[in-house]
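Okay, structure.cif now, which holds mmCIF, C-alpha atoms:
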```cif
data_my_file
#
loop_
_atom_site.label_atom_id
_atom_site.label_comp_id
_atom_site.auth_asym_id
_atom_site.auth_seq_id
_atom_site.Cartn_x
_atom_site.Cartn_y
_atom_site.Cartn_z
CA MET A 1 -112.88 152.28 -0.36
CA GLU A 2 -111.74 149.58 -2.77
CA LEU A 3 -112.65 146.19 -1.28
CA GLU A 4 -109.83 144.43 -3.13
CA PHE A 5 -107.37 146.62 -1.21
CA VAL A 6 -109.12 145.73 2.05
CA ARG A 7 -109.03 142.03 1.11
CA THR A 8 -105.31 142.32 0.40
CA PHE A 9 -104.70 143.97 3.77
CA VAL A 10 -106.49 141.11 5.55
CA ALA A 11 -104.58 138.52 3.50
CA VAL A 12 -101.27 140.07 4.62
CA VAL A 13 -102.44 139.95 8.25
CA ASP A 14 -103.51 136.31 7.97
CA GLY A 15 -100.41 135.25 6.03
CA GLY A 16 -97.94 137.29 8.05
CA GLN A 17 -95.99 138.26 4.95
CA PHE A 18 -96.61 140.10 1.68
CA GLN A 19 -95.30 137.07 -0.20
CA GLU A 20 -97.82 134.75 1.49
CA ALA A 21 -100.64 137.19 0.69
CA ALA A 22 -99.52 137.31 -2.95
CA ALA A 23 -99.65 133.52 -3.19
CA GLU A 24 -103.07 133.43 -1.52
CA LEU A 25 -104.54 136.08 -3.84
CA GLY A 26 -102.81 134.88 -7.01
CA ILE A 27 -101.07 138.20 -7.68
CA THR A 28 -97.47 139.43 -7.48
CA GLN A 29 -95.82 140.62 -4.28
CA GLN A 30 -95.37 144.00 -5.95
CA ALA A 31 -99.14 144.21 -6.54
CA VAL A 32 -99.77 143.41 -2.85
CA SER A 33 -97.41 146.22 -1.79
CA LYS A 34 -99.07 148.62 -4.21
CA ARG A 35 -102.57 147.81 -2.94
CA VAL A 36 -101.60 148.14 0.70
CA GLY A 37 -99.77 151.40 -0.01
CA THR A 38 -102.82 152.83 -1.78
CA LEU A 39 -105.06 151.83 1.12
CA GLU A 40 -102.67 153.44 3.59
CA ARG A 41 -102.73 156.68 1.61
CA GLU A 42 -106.53 156.62 1.51
CA LEU A 43 -106.69 156.12 5.26
CA GLY A 44 -103.84 158.47 6.02
CA VAL A 45 -102.10 155.99 8.35
CA ARG A 46 -99.48 153.25 8.28
CA LEU A 47 -101.16 149.85 8.64
CA PHE A 48 -97.97 147.78 8.87
CA THR A 49 -94.49 148.02 10.23
CA ARG A 50 -92.22 146.21 7.76
CA THR A 51 -89.56 144.00 9.34
CA ALA A 52 -87.07 141.43 8.05
CA ARG A 53 -89.43 138.70 9.24
CA GLY A 54 -92.51 140.08 7.52
CA ALA A 55 -95.21 142.63 8.17
CA ARG A 56 -96.33 143.52 11.70
CA LEU A 57 -99.53 145.41 12.33
CA SER A 58 -99.20 148.98 13.52
CA SER A 59 -101.54 150.29 16.20
CA ALA A 60 -103.65 151.84 13.43
CA GLY A 61 -103.66 148.51 11.61
CA GLU A 62 -104.89 146.71 14.73
CA ALA A 63 -107.70 149.25 15.07
CA PHE A 64 -108.67 148.90 11.41
CA LEU A 65 -108.54 145.06 11.22
CA PRO A 66 -111.93 144.17 12.79
CA HIS A 67 -113.65 146.74 10.58
CA ALA A 68 -111.89 145.37 7.53
CA ARG A 69 -113.18 141.89 8.33
CA THR A 70 -116.68 143.32 8.79
CA LEU A 71 -116.50 144.97 5.35
CA LEU A 72 -115.49 141.68 3.71
CA ASP A 73 -118.21 139.80 5.59
CA ALA A 74 -120.76 142.34 4.39
CA GLU A 75 -119.54 141.79 0.83
CA ARG A 76 -119.86 138.03 1.28
CA ARG A 77 -123.43 138.34 2.57
CA ALA A 78 -124.37 140.76 -0.21
CA LEU A 79 -123.12 138.35 -2.87
CA ALA A 80 -124.77 135.38 -1.13
CA SER A 81 -128.12 137.17 -1.20
CA VAL A 82 -128.12 137.02 -5.01
CA ARG A 83 -125.96 133.91 -5.48
CA PRO A 84 -127.48 131.45 -2.99
CA GLU A 85 -126.47 128.42 -5.06
CA GLN A 86 -122.82 129.03 -4.18
CA ARG A 87 -123.12 128.35 -0.45
CA PRO A 88 -124.75 125.97 2.06
CA LEU A 89 -128.44 126.28 2.89
CA ARG A 90 -128.45 128.56 5.95
CA VAL A 91 -131.35 127.84 8.32
CA ASP A 92 -132.24 129.65 11.54
CA VAL A 93 -133.63 127.07 13.99
CA LEU A 94 -134.11 129.58 16.88
CA ASN A 95 -132.56 127.27 19.49
CA ARG A 96 -130.71 123.96 19.19
CA ARG A 97 -132.85 122.39 21.93
CA VAL A 98 -136.29 123.05 20.48
CA LEU A 99 -138.45 121.22 17.94
CA THR A 100 -137.16 123.11 14.92
CA ALA A 101 -133.58 121.90 15.41
CA TRP A 102 -134.78 118.30 15.36
CA LEU A 103 -136.90 118.92 12.27
CA VAL A 104 -133.81 120.17 10.42
CA ARG A 105 -131.80 117.22 11.72
CA ASP A 106 -134.43 114.85 10.28
CA PHE A 107 -134.22 116.74 6.99
CA HIS A 108 -130.43 116.32 6.96
CA GLN A 109 -130.76 112.58 7.51
CA ALA A 110 -133.27 112.34 4.67
CA HIS A 111 -131.23 114.61 2.35
CA PRO A 112 -127.51 114.18 3.19
CA GLU A 113 -126.65 115.67 -0.21
CA VAL A 114 -127.82 119.12 0.93
CA GLU A 115 -125.04 121.10 2.60
CA LEU A 116 -126.46 122.81 5.68
CA GLU A 117 -125.42 125.69 7.90
CA VAL A 118 -127.54 125.78 11.06
CA VAL A 119 -127.72 129.08 12.98
CA THR A 120 -129.61 130.16 16.08
CA SER A 121 -131.09 133.61 16.61
CA GLY A 122 -132.78 132.70 19.92
CA ALA A 123 -134.64 135.67 21.40
CA GLU A 124 -132.41 138.20 19.65
CA LEU A 125 -134.84 138.76 16.76
CA ASP A 126 -138.54 139.47 16.87
CA PHE A 127 -140.80 138.44 14.00
CA ALA A 128 -140.04 141.55 11.94
CA GLY A 129 -136.31 140.97 12.46
CA ALA A 130 -136.61 137.36 11.33
CA VAL A 131 -138.51 138.40 8.20
CA ALA A 132 -135.83 141.01 7.46
CA ALA A 133 -133.06 138.42 7.91
CA VAL A 134 -134.71 136.15 5.35
CA GLU A 135 -135.44 139.05 3.02
CA ASN A 136 -131.86 140.38 3.03
CA GLY A 137 -130.29 136.96 2.62
CA SER A 138 -128.69 136.67 6.07
CA VAL A 139 -130.49 133.32 6.29
CA ASP A 140 -132.26 131.31 3.60
CA ALA A 141 -135.01 130.00 5.85
CA ALA A 142 -136.22 130.57 9.40
CA PHE A 143 -138.74 129.02 11.77
CA ARG A 144 -141.32 131.32 13.34
CA GLY A 145 -144.89 131.67 14.42
CA VAL A 146 -146.59 134.05 12.00
CA PRO A 147 -148.70 136.54 13.97
CA SER A 148 -149.43 138.67 10.89
CA ARG A 149 -149.14 137.71 7.24
CA ASP A 150 -149.28 141.41 6.39
CA GLN A 151 -145.71 141.74 7.69
CA LEU A 152 -144.26 139.04 5.43
CA GLY A 153 -143.62 141.32 2.44
CA ALA A 154 -141.41 139.43 -0.02
CA VAL A 155 -141.23 136.39 2.29
CA GLU A 156 -143.35 133.23 1.96
CA SER A 157 -144.42 130.96 4.80
CA CYS A 158 -145.98 127.55 5.32
CA LEU A 159 -147.04 125.68 8.43
CA VAL A 160 -144.64 122.88 9.40
CA GLY A 161 -146.12 121.67 12.66
CA TYR A 162 -147.87 122.20 15.97
CA ASP A 163 -145.81 121.94 19.15
CA ALA A 164 -147.97 120.91 22.12
CA HIS A 165 -147.09 122.01 25.65
CA GLU A 166 -145.92 120.18 28.73
CA LEU A 167 -145.51 121.53 32.24
CA LEU A 168 -142.01 121.00 33.61
CA VAL A 169 -141.89 120.68 37.42
CA GLY A 170 -139.66 119.35 40.17
CA PRO A 171 -140.45 116.30 42.37
CA ARG A 172 -141.88 118.48 45.18
CA HIS A 173 -144.45 120.20 43.01
CA PRO A 174 -148.13 119.27 43.63
CA PHE A 175 -148.52 118.11 40.02
CA ALA A 176 -145.33 116.01 39.98
CA ASP A 177 -147.09 112.63 40.06
CA GLN A 178 -150.04 113.47 37.81
CA PRO A 179 -150.24 111.85 34.33
CA SER A 180 -151.55 115.15 32.95
CA VAL A 181 -152.63 118.59 34.14
CA ARG A 182 -155.81 120.35 33.06
CA MET A 183 -155.62 123.98 32.00
CA ALA A 184 -158.02 124.95 34.78
CA GLU A 185 -155.62 123.51 37.38
CA LEU A 186 -152.95 126.00 36.32
CA VAL A 187 -155.00 129.03 37.38
CA GLY A 188 -153.29 130.72 40.35
CA ARG A 189 -150.07 128.74 39.83
CA ARG A 190 -146.83 130.55 39.00
CA ILE A 191 -145.51 129.55 35.58
CA TRP A 192 -141.98 130.89 35.39
CA MET A 193 -140.59 131.84 31.97
CA PRO A 194 -137.64 134.18 32.67
CA GLY A 195 -136.76 136.53 29.85
CA LEU A 196 -140.01 136.05 27.93
CA SER A 197 -140.23 139.16 25.75
CA SER A 198 -143.58 140.73 24.95
CA ARG A 199 -142.22 142.01 21.62
CA THR A 200 -141.70 138.51 20.20
CA GLU A 201 -144.40 136.40 18.60
CA TRP A 202 -144.08 133.75 21.31
CA GLY A 203 -144.45 136.51 23.88
CA ALA A 204 -147.70 137.48 22.14
CA TYR A 205 -148.72 133.82 22.11
CA TYR A 206 -148.28 133.42 25.87
CA ALA A 207 -149.99 136.75 26.54
CA GLU A 208 -153.05 135.54 24.63
CA LEU A 209 -152.92 132.16 26.36
CA SER A 210 -152.73 133.83 29.77
CA ALA A 211 -155.67 136.11 29.01
CA ALA A 212 -157.78 133.23 27.69
CA PHE A 213 -157.40 131.04 30.78
CA GLY A 214 -156.39 133.41 33.58
CA LEU A 215 -152.85 132.04 33.87
CA THR A 216 -150.01 133.69 35.77
CA ILE A 217 -146.91 133.65 33.55
CA ASP A 218 -143.94 135.28 35.29
CA PRO A 219 -141.14 136.54 32.97
CA SER A 220 -139.15 138.15 35.80
CA GLY A 221 -135.59 137.62 36.91
CA PRO A 222 -132.22 137.79 35.19
CA VAL A 223 -131.72 135.08 32.59
CA PHE A 224 -128.85 132.78 33.62
CA GLY A 225 -129.65 130.11 31.05
CA ASN A 226 -131.55 126.83 30.94
CA GLU A 227 -129.26 125.07 33.40
CA ALA A 228 -129.92 127.65 36.12
CA MET A 229 -133.68 127.49 35.52
CA LEU A 230 -133.69 123.69 35.73
CA ASP A 231 -131.74 123.89 38.97
CA GLU A 232 -134.39 126.21 40.44
CA LEU A 233 -137.25 123.96 39.31
CA ALA A 234 -135.64 120.85 40.82
CA THR A 235 -135.79 122.23 44.38
CA SER A 236 -138.96 124.34 44.23
CA PRO A 237 -142.34 123.19 45.62
CA ASP A 238 -144.31 125.63 43.45
CA LEU A 239 -142.31 126.72 40.37
CA SER A 240 -143.19 125.35 36.95
CA THR A 241 -142.52 126.29 33.33
CA PHE A 242 -143.89 125.47 29.90
CA VAL A 243 -141.82 123.43 27.44
CA GLY A 244 -142.71 122.16 23.99
CA VAL A 245 -143.21 118.44 23.49
CA GLY A 246 -140.60 118.62 20.73
CA SER A 247 -137.98 120.33 22.94
CA ARG A 248 -135.02 118.40 24.35
CA TYR A 249 -133.63 119.41 27.74
CA PHE A 250 -131.11 117.46 29.79
CA TRP A 251 -130.51 117.52 33.54
CA PRO A 252 -128.79 115.39 36.22
CA ASP A 253 -130.74 112.31 37.38
CA GLY A 254 -130.89 113.73 40.88
CA TYR A 255 -133.09 116.61 39.71
CA ASP A 256 -135.96 114.16 39.02
CA LEU A 257 -137.81 116.73 36.91
CA ARG A 258 -141.16 115.71 35.45
CA ARG A 259 -142.73 116.61 32.07
CA ILE A 260 -146.52 116.60 32.35
CA PRO A 261 -148.83 117.00 29.33
CA VAL A 262 -151.21 119.97 29.49
CA VAL A 263 -154.76 119.04 28.46
CA ASP A 264 -158.38 120.19 28.39
CA PRO A 265 -157.54 122.00 26.15
CA ALA A 266 -153.99 121.32 25.02
CA PRO A 267 -152.25 124.58 23.99
CA VAL A 268 -150.24 124.15 20.80
CA TYR A 269 -147.81 126.54 19.13
CA PRO A 270 -148.10 126.77 15.33
CA MET A 271 -144.64 126.82 13.77
CA SER A 272 -144.02 127.95 10.19
CA LEU A 273 -141.08 128.00 7.80
CA LEU A 274 -140.14 131.34 6.19
CA TRP A 275 -138.22 131.77 2.93
CA ARG A 276 -137.73 134.39 0.22
CA ARG A 277 -140.30 134.48 -2.56
CA ASP A 278 -137.76 135.66 -5.15
CA GLN A 279 -134.35 134.05 -5.67
CA PRO A 280 -134.65 131.44 -2.90
CA HIS A 281 -131.76 129.09 -2.22
CA PRO A 282 -132.17 126.12 -4.61
CA ASP A 283 -132.50 123.68 -1.68
CA VAL A 284 -135.27 125.61 0.11
CA ARG A 285 -137.90 123.70 -1.86
CA LYS A 286 -136.52 120.37 -0.60
CA LEU A 287 -136.63 121.64 2.98
CA ARG A 288 -140.16 122.96 2.60
CA ASP A 289 -141.48 119.80 0.94
CA HIS A 290 -139.89 117.66 3.64
CA LEU A 291 -141.36 119.67 6.50
CA VAL A 292 -144.77 120.84 5.29
CA GLU A 293 -147.51 119.76 7.70
CA ASP A 294 -151.01 119.12 6.37
CA ARG A 295 -152.45 117.54 9.50
CA PRO A 296 -154.83 119.65 11.62
CA ALA A 297 -153.94 120.56 15.19
CA GLY A 298 -156.32 117.89 16.51
CA PRO A 299 -159.37 117.96 18.79
CA ASP A 300 -159.45 119.69 22.16
CA THR A 301 -156.54 121.98 21.40
CA TRP A 302 -156.07 125.72 21.87
CA LEU A 303 -154.55 127.85 19.12
CA PRO A 304 -153.78 131.58 19.09
CA SER A 305 -156.13 133.80 17.14
CA TRP A 306 -153.46 134.39 14.49
CA ASP A 307 -153.06 130.71 13.54
#
```
Let's see the structure in the file written out as structure tokens.
Amino acid sequence: MELEFVRTFVAVVDGGQFQEAAAELGITQQAVSKRVGTLERELGVRLFTRTARGARLSSAGEAFLPHARTLLDAERRALASVRPEQRPLRVDVLNRRVLTAWLVRDFHQAHPEVELEVVTSGAELDFAGAVAAVENGSVDAAFRGVPSRDQLGAVESCLVGYDAHELLVGPRHPFADQPSVRMAELVGRRIWMPGLSSRTEWGAYYAELSAAFGLTIDPSGPVFGNEAMLDELATSPDLSTFVGVGSRYFWPDGYDLRRIPVVDPAPVYPMSLLWRRDQPHPDVRKLRDHLVEDRPAGPDTWLPSWD
């Protein structure tokens, strides 16, 4: 299927008229009609119903339109994978409320000349999926823990920071008024992390943490979002959850939630930046140099075996 014909079809849809599509594409109206006609013959259907007011999509045209847009988006991503200098630096920060989002925000403030596109994959991609997204050019850089360097393939990584843990509890929790909580005190306590997936690297991290200290991390329950979880914590006398020191969560004053540092030892999550080894976006180096972390994790900390 000729993509120029598909692009012309979409231009007619967006412009509402063959004449508008011709102006948008820089070709004649006759050429637009010819391209659309050829595409219709290839597909064996009529894509438009011509009227005095312009072109109206047929039922077949309506069915074909989302697929046409997908084809053009695939073309855009394919070209971007080998022409990264022609678009913004696309960075996957995982979640807009966690440390990585604030690291990229600091980078933007330090380098306002770099055009950024910030995306969030959340829990949708495991480590292998994130590596593949960087490798195929869907994103130029991504933040991840790196449980196995053997899986990186054509992707490079560097450590950009350690995110220490805090225990988030409501005002009725036994630890609510403590300045800190020792790891040993968490044994036998329910630490609720709904939706935690064992197939992700952070799932592996918490599994290793649980095994090392005998913790009870509960991933059960449907995931209704952060707001619903915070609501549950605010009224519970025993629920708690882990949050990173660099994470930003917001709740009503009446919830009176408390963030309590975890110590003796302090568990820390090692976060790395991933980027393509070959043909990286020209601004990846600036991002890497701005973020690279040379400081050690610090004394009395716990790190996963893969750090």
For stretch 249-260 of chain A, please output as a short mmCIF file (atom, residue, chain, number, x, y, z; two decimals) with C-alpha atoms, in the coordinates of the input all residues within 9 Å (counting only C-alpha atoms; exclusion window: fewer than 2 positions along the same chain).
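The resulting out.cif:
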```cif
data_model
loop_
_atom_site.label_atom_id
_atom_site.label_comp_id
_atom_site.auth_asym_id
_atom_site.auth_seq_id
_atom_site.Cartn_x
_atom_site.Cartn_y
_atom_site.Cartn_z
CA ARG A 97 -132.85 122.39 21.93
CA VAL A 98 -136.29 123.05 20.48
CA HIS A 165 -147.09 122.01 25.65
CA GLU A 166 -145.92 120.18 28.73
CA LEU A 167 -145.51 121.53 32.24
CA LEU A 168 -142.01 121.00 33.61
CA VAL A 169 -141.89 120.68 37.42
CA GLY A 170 -139.66 119.35 40.17
CA PRO A 171 -140.45 116.30 42.37
CA PHE A 175 -148.52 118.11 40.02
CA ALA A 176 -145.33 116.01 39.98
CA ASP A 177 -147.09 112.63 40.06
CA GLN A 178 -150.04 113.47 37.81
CA PRO A 179 -150.24 111.85 34.33
CA SER A 180 -151.55 115.15 32.95
CA VAL A 181 -152.63 118.59 34.14
CA ASN A 226 -131.55 126.83 30.94
CA GLU A 227 -129.26 125.07 33.40
CA LEU A 230 -133.69 123.69 35.73
CA ASP A 231 -131.74 123.89 38.97
CA LEU A 233 -137.25 123.96 39.31
CA ALA A 234 -135.64 120.85 40.82
CA THR A 235 -135.79 122.23 44.38
CA VAL A 243 -141.82 123.43 27.44
CA VAL A 245 -143.21 118.44 23.49
CA SER A 247 -137.98 120.33 22.94
CA VAL A 262 -151.21 119.97 29.49
#
```
* **Chain and number of each residue from the PyMOL selection byres ((chain A and resi 88) around 7), as JSON, numbers by chain** => {"A": [87, 89, 90, 115, 116, 117]}
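Atom CA of A:Ala11 to atom CA of A:Leu79 spans 19.6 Å [interatomic distance, one decimal].
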* If the PyMOL selection byres ((chain A and resi 146) around 8) is run on the structure shown, which residues does it catch, given as a PyMOL selection string? -> chain A and resi 127+144-145+147-149+201+271-272+306-307
* To do: To verify the selection step, state as a ChimeraX atom specification which residues the PyMOL selection byres ((chain A and resi 17) around 12) yields on this input.
  => /A:8-16,18-24,29,32-33,48-57
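As for atom CA of A:Thr200 and atom CA of A:Leu99, they are spaced 17.7 Å apart.
For A:Pro219, the residues within 6 Å (counting all atoms listed in the file, excluding itself and residues fewer than 6 positions away along the chain) are Met193, Pro194, Gly195 and Leu196 of chain A.
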What are the centre and edge lengths in Å, to one decimal, of the axis-aligned box around all listed atoms of stretch 207-226 of chain A with 8 Å added on each side, as JSON?
```
{"center_x": -143.3, "center_y": 132.5, "center_z": 30.8, "size_x": 44.9, "size_y": 27.3, "size_z": 28.3}
```
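As for atom CA of A:Pro66 and atom CA of A:Ala142, they are spaced 28.0 Å apart.
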* Counting all atoms listed in the file, the residue of A:Val119, A:Arg77, A:Glu156, A:Leu25 that sits nearest A:Arg277 -> A:Glu156
* Can you tell me, as a VMD selection string, what residues are no more than 12 Å from A:Glu40 when counting all atoms listed in the file, ignoring any on the same chain fewer than 4 positions away? -> chain A and resid 1 to 2 5 to 6 8 to 9 33 to 36 44 to 49 58 60 to 61 64
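Closest approach to A:His111 from the set A:His290, A:Trp302, A:Glu4, A:Arg295 is made by A:His290, with distances taken over all atoms listed in the file.
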* To do: Could you tell me which of A:Leu3, A:Ala68, A:Cys158, A:Pro267 comes closest to A:Ala212 if we count all atoms listed in the file?
  => A:Pro267
* With all atoms listed in the file counted, which protein, DNA or RNA residues have an atom no more than 10 Å from (-131.7, 137.2, 4.3) in the file frame? Please answer as a ChimeraX atom specification. => /A:77-78,80-82,90,130-142,155,275-276,280
* Asked: So which one's closest to A:Asp278, A:Gly153, A:Pro222, A:Gly122, A:Gly298? Using only C-alpha atoms, please.
  -> A:Gly153
* Do you know which residues are at most 10 Å from A:Arg288 counting only C-alpha atoms, after dropping those on the same chain fewer than 2 positions away, and could you put them as a PyMOL selection string? -> chain A and resi 107+141+157-160+272-275+283-286+290-293
Could you list, as a PDB file with C-alpha atoms, in the frame of the given file, every residue within 12 Å of A:Asp218, counting all atoms listed in the file and ignoring same-chain residues fewer than 5 positions away?
```pdb
ATOM      1  CA  GLY A 188    -153.290 130.720  40.350  1.00  0.00           C
ATOM      2  CA  ARG A 189    -150.070 128.740  39.830  1.00  0.00           C
ATOM      3  CA  ARG A 190    -146.830 130.550  39.000  1.00  0.00           C
ATOM      4  CA  ILE A 191    -145.510 129.550  35.580  1.00  0.00           C
ATOM      5  CA  TRP A 192    -141.980 130.890  35.390  1.00  0.00           C
ATOM      6  CA  MET A 193    -140.590 131.840  31.970  1.00  0.00           C
ATOM      7  CA  PRO A 194    -137.640 134.180  32.670  1.00  0.00           C
ATOM      8  CA  GLY A 195    -136.760 136.530  29.850  1.00  0.00           C
ATOM      9  CA  LEU A 196    -140.010 136.050  27.930  1.00  0.00           C
ATOM     10  CA  SER A 197    -140.230 139.160  25.750  1.00  0.00           C
ATOM     11  CA  SER A 198    -143.580 140.730  24.950  1.00  0.00           C
ATOM     12  CA  GLY A 203    -144.450 136.510  23.880  1.00  0.00           C
ATOM     13  CA  TYR A 206    -148.280 133.420  25.870  1.00  0.00           C
ATOM     14  CA  ALA A 207    -149.990 136.750  26.540  1.00  0.00           C
ATOM     15  CA  SER A 210    -152.730 133.830  29.770  1.00  0.00           C
ATOM     16  CA  LEU A 239    -142.310 126.720  40.370  1.00  0.00           C
ATOM     17  CA  SER A 240    -143.190 125.350  36.950  1.00  0.00           C
ATOM     18  CA  THR A 241    -142.520 126.290  33.330  1.00  0.00           C
ATOM     19  CA  PHE A 242    -143.890 125.470  29.900  1.00  0.00           C
TER      20      PHE A 242
END
```
Please complete stretch 5-17 of chain A so it has N, CA and C atoms, and hand it over as a PDB file, keeping the file's coordinate frame.
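Generated output (result_39.pdb):
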```pdb
ATOM      1  N   PHE A   5    -108.483 146.151  -2.043  1.00  0.00           N
ATOM      2  CA  PHE A   5    -107.370 146.620  -1.210  1.00  0.00           C
ATOM      3  C   PHE A   5    -107.569 146.150   0.232  1.00  0.00           C
ATOM      4  N   VAL A   6    -108.812 146.195   0.698  1.00  0.00           N
ATOM      5  CA  VAL A   6    -109.120 145.730   2.050  1.00  0.00           C
ATOM      6  C   VAL A   6    -108.856 144.224   2.155  1.00  0.00           C
ATOM      7  N   ARG A   7    -109.262 143.481   1.120  1.00  0.00           N
ATOM      8  CA  ARG A   7    -109.030 142.030   1.110  1.00  0.00           C
ATOM      9  C   ARG A   7    -107.538 141.727   1.135  1.00  0.00           C
ATOM     10  N   THR A   8    -106.765 142.516   0.423  1.00  0.00           N
ATOM     11  CA  THR A   8    -105.310 142.320   0.400  1.00  0.00           C
ATOM     12  C   THR A   8    -104.710 142.602   1.765  1.00  0.00           C
ATOM     13  N   PHE A   9    -105.160 143.649   2.418  1.00  0.00           N
ATOM     14  CA  PHE A   9    -104.700 143.970   3.770  1.00  0.00           C
ATOM     15  C   PHE A   9    -104.957 142.790   4.709  1.00  0.00           C
ATOM     16  N   VAL A  10    -106.145 142.236   4.677  1.00  0.00           N
ATOM     17  CA  VAL A  10    -106.490 141.110   5.550  1.00  0.00           C
ATOM     18  C   VAL A  10    -105.643 139.888   5.199  1.00  0.00           C
ATOM     19  N   ALA A  11    -105.398 139.668   3.926  1.00  0.00           N
ATOM     20  CA  ALA A  11    -104.580 138.520   3.500  1.00  0.00           C
ATOM     21  C   ALA A  11    -103.158 138.644   4.036  1.00  0.00           C
ATOM     22  N   VAL A  12    -102.609 139.869   4.066  1.00  0.00           N
ATOM     23  CA  VAL A  12    -101.270 140.070   4.620  1.00  0.00           C
ATOM     24  C   VAL A  12    -101.283 139.766   6.122  1.00  0.00           C
ATOM     25  N   VAL A  13    -102.318 140.224   6.809  1.00  0.00           N
ATOM     26  CA  VAL A  13    -102.440 139.950   8.250  1.00  0.00           C
ATOM     27  C   VAL A  13    -102.488 138.449   8.493  1.00  0.00           C
ATOM     28  N   ASP A  14    -103.324 137.746   7.742  1.00  0.00           N
ATOM     29  CA  ASP A  14    -103.510 136.310   7.970  1.00  0.00           C
ATOM     30  C   ASP A  14    -102.283 135.509   7.554  1.00  0.00           C
ATOM     31  N   GLY A  15    -101.584 135.982   6.495  1.00  0.00           N
ATOM     32  CA  GLY A  15    -100.410 135.250   6.030  1.00  0.00           C
ATOM     33  C   GLY A  15     -99.127 135.638   6.745  1.00  0.00           C
ATOM     34  N   GLY A  16     -99.114 136.835   7.323  1.00  0.00           N
ATOM     35  CA  GLY A  16     -97.940 137.290   8.050  1.00  0.00           C
ATOM     36  C   GLY A  16     -96.859 137.895   7.184  1.00  0.00           C
ATOM     37  N   GLN A  17     -96.990 137.734   5.873  1.00  0.00           N
ATOM     38  CA  GLN A  17     -95.990 138.260   4.950  1.00  0.00           C
ATOM     39  C   GLN A  17     -96.666 138.690   3.655  1.00  0.00           C
TER      40      GLN A  17
END
```
